[in-house]
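K.L.:
The structure is given below, and queries will be raised subsequently.
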Amino acid sequence: MSKRTFRGARVLLTGASSGIGRELALELARRGASLCVLARREDPLRALVGEMNAVRAEAFPAAPEHFCVVGDVCSSDVREQAVAETIGRFQGLDVLINNAGAGATLPAEETADDLACELFDLNFFSPFELTKTALPELKASASSRENKRRRVRPLVINFSSIAGVRGTPYFAVYGAAKAALLVLTDAWRAEINASGVDFLIVTPGLTSSQFFNVLREDKRRPKLPTLKWAEPKDVAIAVLSAAERGKRRIVPSSPSAKLLGWCSRFCPSLVDRVMNRFAK
């Protein structure tokens with residue numbers, strides 16, 4: 001038996017307009033969750049909500065309609081609005097998914113201070129602050145008898161990156177922000193373990209998304225090997241399946257990304273040599 005179900009769960013998902021975020025939204029809708037999706041791009045976000053509500057109308061007609069909040073997750077007003085509207089529409093919040101993020105490819109020493117702050121703001125401080133805003137409601141969800149009966153357990157899913165597990169040339173500051181999020185997630189899980197709120201950290205590798213199309217700066221990329229990139233839909237399904245089983249960390253990518261994570265722990269000198277080749 002799974003540890004949790006998403007049917008009836010009230011979810012707030014950031015970075016939902018494309019890629020993994022979009023596929024997470026559609027898969028959660030298929031599993032019977034009620035969603036507030038947040039992103040900056042209005043047209044693709046509203047199109048996504050239309051698709052999600054078509055699924056709801058056919059499979060879960062009694063469930064509340066999905067909706068969106070258009071805005072920048074780096075704005076405290078937008079974060080507070082998203083949490084407040086989710087609670088107001090759905091009478092609570094059970095799952096927060098911090099998926100929004102963006103990178104930059106350039107040498108660390110050439111990274112301007114304002115760009116470094118921008119990358120940390122989006123990839124670390126925004127999920128940090130959004131989680132703090134949502135935690136009181138997530139803790140209330142943990143104490144709900146109805147949720148316990150339905151196996152709807154409160155959860156925070158934070159998206160780090162394989163670049164946050166092992167530093168990658170020209171992804172230095174982006175990887176540092178994602179590494180900070182990974183460490184924060186592990187520490188936070190331990191700190192509030194008794195509250196009943198779970199944390200799942202996701203460290204995807206190369207994925208066929210718009211990541212490289214929306215870089216904050218694209219000055220120099222590492223010479224990545226020719227590998228099969230993961231599909232966003234496959235990543236989304238793997239993440240939700242891991243969450244249902246109560247997993248705490250997942251690398252939902254190609255075998256090469258999982259091998260990189262393993263070698264970084266047990267064969268660091270070998271990985272150093274590989275990274276040196278990526279930097280040439």
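Ordering of the structure tokens sets the chain letters (A, B, ...), residue numbers begin anew at 1 in every chain, and ligands are numbered from 1 in the order given.
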Could you list, as a list in words, every residue within 6 Å of Ile162 (chain A), counting only C-alpha atoms and ignoring same-chain residues fewer than 5 positions away?
P.N.:
Thr203, Pro204 and Gly205 of chain A
K.L.:
Would you return as a PyMOL selection string the members of region 111-183 of chain A that DSSP assigns to helix (DSSP H, G or I) on this structure's backbone?
P.N.:
chain A and resi 113-142+145-150+162-164+172-183
K.L.:
Using only C-alpha atoms, I'd like a table of the residues in region 1-28 of chain A that come within 10 Å of region 54-64 of chain A; for each, show the closest atom pair and its distance in Å rounded to one decimal, ordered by chain and ascending number, as a Markdown table.
P.N.:
| residue | atom | partner | partner_atom | distance |
| --- | --- | --- | --- | --- |
| A:Arg7 | CA | A:Phe60 | CA | 9.6 |
| A:Gly8 | CA | A:Ala63 | CA | 7.8 |
| A:Arg10 | CA | A:Pro64 | CA | 9.9 |
| A:Leu26 | CA | A:Val55 | CA | 8.4 |
| A:Glu27 | CA | A:Val55 | CA | 9.9 |
K.L.:
Output the selection as a compact mmCIF listing (two decimals), in the first residue's frame - N, CA, C and O atoms for each residue.
P.N.:
# COMPACT_ATOMS: atom_id res chain seq x y z
N ARG A 7 -5.24 11.94 -4.62
CA ARG A 7 -6.66 12.20 -4.90
C ARG A 7 -7.25 13.04 -3.77
O ARG A 7 -7.19 12.67 -2.59
N GLY A 8 -7.78 14.17 -4.12
CA GLY A 8 -8.34 15.09 -3.13
C GLY A 8 -7.32 16.01 -2.50
O GLY A 8 -7.70 16.89 -1.71
N ARG A 10 -4.84 19.10 -2.02
CA ARG A 10 -4.87 20.51 -2.44
C ARG A 10 -3.43 20.96 -2.63
O ARG A 10 -2.65 20.98 -1.68
N LEU A 26 -0.47 18.28 -15.04
CA LEU A 26 -1.39 17.41 -15.76
C LEU A 26 -1.51 16.05 -15.07
O LEU A 26 -2.61 15.49 -14.94
N GLU A 27 -0.38 15.50 -14.61
CA GLU A 27 -0.42 14.20 -13.96
C GLU A 27 -1.16 14.28 -12.62
O GLU A 27 -1.91 13.37 -12.26
K.L.:
Considering only C-alpha atoms, can you say which of A:Ala140, A:Val202, A:Glu146, A:Lys132 comes closest to Val165 (chain A)?
P.N.:
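Closest residue, counting only C-alpha atoms: A:Val202.
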K.L.:
For Leu13 (chain A), which residue among A:Glu244, A:Asp94, A:Glu110, A:Glu51 is the nearest when counting only C-alpha atoms?
P.N.:
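Closest to Leu13 (chain A) of all the choices is A:Asp94.
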K.L.:
Find the nearest atom pair between each residue of region 41-112 of chain A and region 207-222 of chain A for residues within 7 Å, count only C-alpha atoms, give distances in Å to one decimal, sort rows by chain and ascending number, and present the table as JSON lines.
P.N.:
{"residue": "A:Ala102", "atom": "CA", "partner": "A:Leu215", "partner_atom": "CA", "distance": 6.2}
{"residue": "A:Gly103", "atom": "CA", "partner": "A:Leu215", "partner_atom": "CA", "distance": 5.3}
{"residue": "A:Ala104", "atom": "CA", "partner": "A:Glu217", "partner_atom": "CA", "distance": 4.8}
{"residue": "A:Thr105", "atom": "CA", "partner": "A:Asp218", "partner_atom": "CA", "distance": 5.0}
{"residue": "A:Leu106", "atom": "CA", "partner": "A:Arg220", "partner_atom": "CA", "distance": 4.8}
K.L.:
Measuring atom to atom with only C-alpha atoms, identify which of A:Phe125, A:Val49, A:Cys36, A:Arg41 is nearest to Glu85 (chain A).
P.N.:
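That would be A:Cys36, the residue with the smallest distance to Glu85 (chain A).
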K.L.:
Nearest to Phe67 (chain A) among A:Gly92, A:Val37, A:Val239, A:Ala82, with distances taken over only C-alpha atoms: which residue is it?
P.N.:
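The answer is A:Val37, which sits nearest to Phe67 (chain A).
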